[in-house]
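See structure below.
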Amino acid sequence: MRADLIDIQIEDFGNDVEISLSGSLSKAQLSAVREKLDSLMSGPGVFFFLNLERAHFAVDDYLEMFLDLMNKTRERNSTMVLLFRNEELLEYFSRYKNIFEIHESREAYKSSGLSKQLKQVGVYYGKKTGLRLSPSVAIAAGVLIMGWLVTLFLIIAAQGKDIADKQSQIMALESQRDRYVQEIDKLESSIGPLKRLGVVEDTSQLNSFGAIRDWVSYLKHLENTRREE
């Protein structure tokens, strides 16, 4: 765009937009420049780099314009950065050098510190608002947290199924043990009369005789026992 002696050029780098402003700017062009920049800097979550290296400001009114633009971009979770390196502009913005982000280039801004890096990925922090996330980062964080929760639920469900299977196995073994105990009790009660008649010998009393190998030895043992009595 070209208006009088003012030249405004725009370069779009995705989330980075560089606006180059050049020419001699007097009070007569202030309203037009304000309106044009305000319309260009309307996107949320965007870094607006205003390259003023070739601009000359004849009046101080432009300082108020840049302050107003900076506040509007912050309200939209965007960032405004001024780019220049010449001494004239350094002197012009010296009163607000602690308020404006002033760097020599986009690359210099991006490598200027941790807070800049956080803003580059959509993380903002303010004393009044606390930690804020850009919409894209908030969505990504939400998806990540949801994935963690789903994974945790699957792990808990798998562990719960494993515990239930083990409990079922324990109950089955306990039931089998009870059946064996009952069967042993039945066998002991059924051979009790045979023991009293001497048909079945109590093995607990045969330690001196040893293991009975055949029926002949067993009958001899019974005969000897009766004779001793």
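Residues in the structure tokens are numbered from 1 in each chain, the chains being A, B, ... in the order shown, and ligands are numbered from 1 in the order shown.
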(Q) Residues of segment 20-183 of chain A classed as strand (DSSP E) by DSSP on the backbone are to be reported as a count of residues only. (A) 30
Q | All alpha helix (DSSP H) positions in segment 66-99 of chain A, as JSON, numbers by chain | A | {"A": [66, 67, 68, 69, 70, 71, 72, 73, 74, 75, 87, 88, 89, 90, 91, 92]}
Those same residues, written as a tab-separated table (two decimals), in the first residue's frame with all heavy atoms?
```
chain	number	residue	atom	x	y	z
A	66	PHE	N	1.25	3.86	19.13
A	66	PHE	CA	1.89	2.56	19.33
A	66	PHE	C	1.52	1.96	20.69
A	66	PHE	O	1.35	0.74	20.81
A	66	PHE	CB	3.41	2.67	19.20
A	66	PHE	CG	3.88	2.83	17.79
A	66	PHE	CD1	4.56	3.97	17.39
A	66	PHE	CD2	3.64	1.84	16.84
A	66	PHE	CE1	4.99	4.12	16.09
A	66	PHE	CE2	4.07	1.98	15.53
A	66	PHE	CZ	4.74	3.14	15.15
A	67	LEU	N	1.37	2.79	21.71
A	67	LEU	CA	0.93	2.28	23.02
A	67	LEU	C	-0.48	1.70	22.91
A	67	LEU	O	-0.77	0.64	23.49
A	67	LEU	CB	0.95	3.42	24.04
A	67	LEU	CG	2.33	3.86	24.55
A	67	LEU	CD1	2.19	5.12	25.40
A	67	LEU	CD2	2.98	2.74	25.35
A	68	ASP	N	-1.36	2.39	22.19
A	68	ASP	CA	-2.73	1.90	22.02
A	68	ASP	C	-2.74	0.58	21.23
A	68	ASP	O	-3.46	-0.36	21.59
A	68	ASP	CB	-3.55	2.96	21.29
A	68	ASP	CG	-5.00	2.54	21.15
A	68	ASP	OD1	-5.64	2.23	22.18
A	68	ASP	OD2	-5.50	2.52	20.00
A	69	LEU	N	-1.93	0.48	20.19
A	69	LEU	CA	-1.85	-0.75	19.40
A	69	LEU	C	-1.31	-1.91	20.25
A	69	LEU	O	-1.79	-3.04	20.15
A	69	LEU	CB	-0.95	-0.54	18.18
A	69	LEU	CG	-1.51	0.35	17.06
A	69	LEU	CD1	-0.44	0.60	16.01
A	69	LEU	CD2	-2.75	-0.29	16.43
A	70	MET	N	-0.32	-1.62	21.09
A	70	MET	CA	0.25	-2.66	21.95
A	70	MET	C	-0.79	-3.20	22.93
A	70	MET	O	-0.91	-4.41	23.12
A	70	MET	CB	1.45	-2.10	22.71
A	70	MET	CG	2.13	-3.11	23.62
A	70	MET	SD	3.47	-2.35	24.59
A	70	MET	CE	2.51	-1.26	25.64
A	71	ASN	N	-1.59	-2.30	23.52
A	71	ASN	CA	-2.62	-2.74	24.47
A	71	ASN	C	-3.69	-3.57	23.78
A	71	ASN	O	-4.18	-4.58	24.33
A	71	ASN	CB	-3.26	-1.53	25.15
A	71	ASN	CG	-2.31	-0.84	26.10
A	71	ASN	OD1	-1.44	-1.49	26.69
A	71	ASN	ND2	-2.45	0.47	26.26
A	72	LYS	N	-4.06	-3.21	22.56
A	72	LYS	CA	-5.07	-3.98	21.82
A	72	LYS	C	-4.56	-5.37	21.46
A	72	LYS	O	-5.31	-6.35	21.54
A	72	LYS	CB	-5.48	-3.22	20.56
A	72	LYS	CG	-6.32	-1.99	20.84
A	72	LYS	CD	-6.72	-1.31	19.54
A	72	LYS	CE	-7.61	-0.11	19.81
A	72	LYS	NZ	-8.00	0.60	18.56
A	73	THR	N	-3.31	-5.46	21.07
A	73	THR	CA	-2.76	-6.78	20.71
A	73	THR	C	-2.69	-7.67	21.94
A	73	THR	O	-2.93	-8.89	21.85
A	73	THR	CB	-1.37	-6.65	20.08
A	73	THR	OG1	-0.51	-5.91	20.96
A	73	THR	CG2	-1.44	-5.93	18.75
A	74	ARG	N	-2.37	-7.12	23.10
A	74	ARG	CA	-2.33	-7.91	24.32
A	74	ARG	C	-3.70	-8.43	24.69
A	74	ARG	O	-3.84	-9.56	25.18
A	74	ARG	CB	-1.75	-7.07	25.46
A	74	ARG	CG	-0.25	-6.85	25.36
A	74	ARG	CD	0.26	-6.03	26.52
A	74	ARG	NE	1.72	-5.90	26.49
A	74	ARG	CZ	2.43	-5.17	27.36
A	74	ARG	NH1	1.80	-4.51	28.33
A	74	ARG	NH2	3.74	-5.11	27.25
A	75	GLU	N	-4.73	-7.63	24.47
A	75	GLU	CA	-6.09	-8.07	24.76
A	75	GLU	C	-6.49	-9.25	23.87
A	75	GLU	O	-7.35	-10.06	24.25
A	75	GLU	CB	-7.07	-6.91	24.55
A	75	GLU	CG	-6.94	-5.80	25.59
A	75	GLU	CD	-7.83	-4.61	25.27
A	75	GLU	OE1	-8.53	-4.65	24.22
A	75	GLU	OE2	-7.82	-3.64	26.05
A	87	GLU	N	19.80	5.18	15.74
A	87	GLU	CA	19.86	6.02	16.94
A	87	GLU	C	18.68	6.98	17.04
A	87	GLU	O	18.20	7.29	18.13
A	87	GLU	CB	21.17	6.80	16.95
A	87	GLU	CG	22.42	5.96	17.09
A	87	GLU	CD	22.46	5.24	18.42
A	87	GLU	OE1	21.90	5.77	19.41
A	87	GLU	OE2	23.05	4.14	18.48
A	88	GLU	N	18.21	7.46	15.90
A	88	GLU	CA	17.09	8.41	15.92
A	88	GLU	C	15.85	7.78	16.55
A	88	GLU	O	15.19	8.41	17.39
A	88	GLU	CB	16.77	8.86	14.49
A	88	GLU	CG	15.59	9.83	14.42
A	88	GLU	CD	15.22	10.17	12.99
A	88	GLU	OE1	16.06	10.03	12.09
A	88	GLU	OE2	14.05	10.59	12.78
A	89	LEU	N	15.54	6.56	16.15
A	89	LEU	CA	14.36	5.89	16.71
A	89	LEU	C	14.58	5.47	18.16
A	89	LEU	O	13.66	5.49	18.97
A	89	LEU	CB	14.00	4.67	15.85
A	89	LEU	CG	13.42	5.00	14.47
A	89	LEU	CD1	13.19	3.72	13.67
A	89	LEU	CD2	12.12	5.79	14.59
A	90	LEU	N	15.81	5.11	18.50
A	90	LEU	CA	16.10	4.78	19.89
A	90	LEU	C	15.84	5.99	20.80
A	90	LEU	O	15.30	5.85	21.90
A	90	LEU	CB	17.55	4.32	20.03
A	90	LEU	CG	17.86	2.93	19.47
A	90	LEU	CD1	19.37	2.68	19.50
A	90	LEU	CD2	17.13	1.84	20.25
A	91	GLU	N	16.20	7.15	20.31
A	91	GLU	CA	15.95	8.36	21.06
A	91	GLU	C	14.45	8.67	21.10
A	91	GLU	O	13.92	9.10	22.14
A	91	GLU	CB	16.70	9.53	20.42
A	91	GLU	CG	16.48	10.87	21.10
A	91	GLU	CD	16.97	10.90	22.54
A	91	GLU	OE1	17.89	10.12	22.88
A	91	GLU	OE2	16.44	11.70	23.34
A	92	TYR	N	13.75	8.45	19.99
A	92	TYR	CA	12.32	8.76	19.90
A	92	TYR	C	11.52	7.90	20.89
A	92	TYR	O	10.57	8.38	21.53
A	92	TYR	CB	11.84	8.52	18.47
A	92	TYR	CG	10.39	8.85	18.24
A	92	TYR	CD1	9.95	10.17	18.13
A	92	TYR	CD2	9.44	7.83	18.13
A	92	TYR	CE1	8.62	10.47	17.91
A	92	TYR	CE2	8.10	8.12	17.92
A	92	TYR	CZ	7.69	9.44	17.81
A	92	TYR	OH	6.36	9.74	17.61
```
Q | Counting only C-alpha atoms, the option among A:Ile19, A:Ala172, A:Leu25, A:Ala32 closest to Phe48 of chain A | A | A:Ile19
Q.
I'd like to know which of A:Leu144, A:Leu40, A:Leu173, A:Ile6 is closest to Leu52 of chain A, using only C-alpha atoms.
A. A:Ile6
**Q.** Test item: residues at most 7 Å from Arg34 of chain A, only C-alpha atoms, excluding those fewer than 4 positions along its chain, as a PyMOL selection string
**A.** chain A and resi 30+38+65
Keeping only C-alpha atoms, write those residues as a CSV table (one decimal), in the first residue's frame.
```
chain,number,residue,atom,x,y,z
A,30,LEU,CA,-1.6,9.9,11.9
A,38,ASP,CA,-5.3,-1.4,13.6
A,65,MET,CA,-0.7,5.3,18.8
```
Q.
Can you pull out the residues contacting Phe57 of chain A? Cut-off 8 Å, using only C-alpha atoms, and skip same-chain residues under 5 positions away; I want them as a list in words.
A. Ser24, Leu25, Ser26 and Tyr62 of chain A
(Q) Ranking A:His221, A:Glu183, A:Glu107, A:Leu37 by minimum distance to Asp16 of chain A and counting only C-alpha atoms, which one comes first? (A)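 Ranking A:His221, A:Glu183, A:Glu107, A:Leu37 by distance to Asp16 of chain A, first place goes to A:Glu107.
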Q: Between atom CA of Ile155 of chain A and atom CA of Ala140 of chain A, measure the distance and give it in Å to one decimal.
A: 22.7 Å
**Q.** Exercise: Ile10 of chain A partners within 10 Å, only C-alpha atoms, chain neighbours under 4 positions left out, as JSON, numbers by chain
**A.** {"A": [1, 17, 18, 19, 20, 21, 40, 49, 50, 51]}
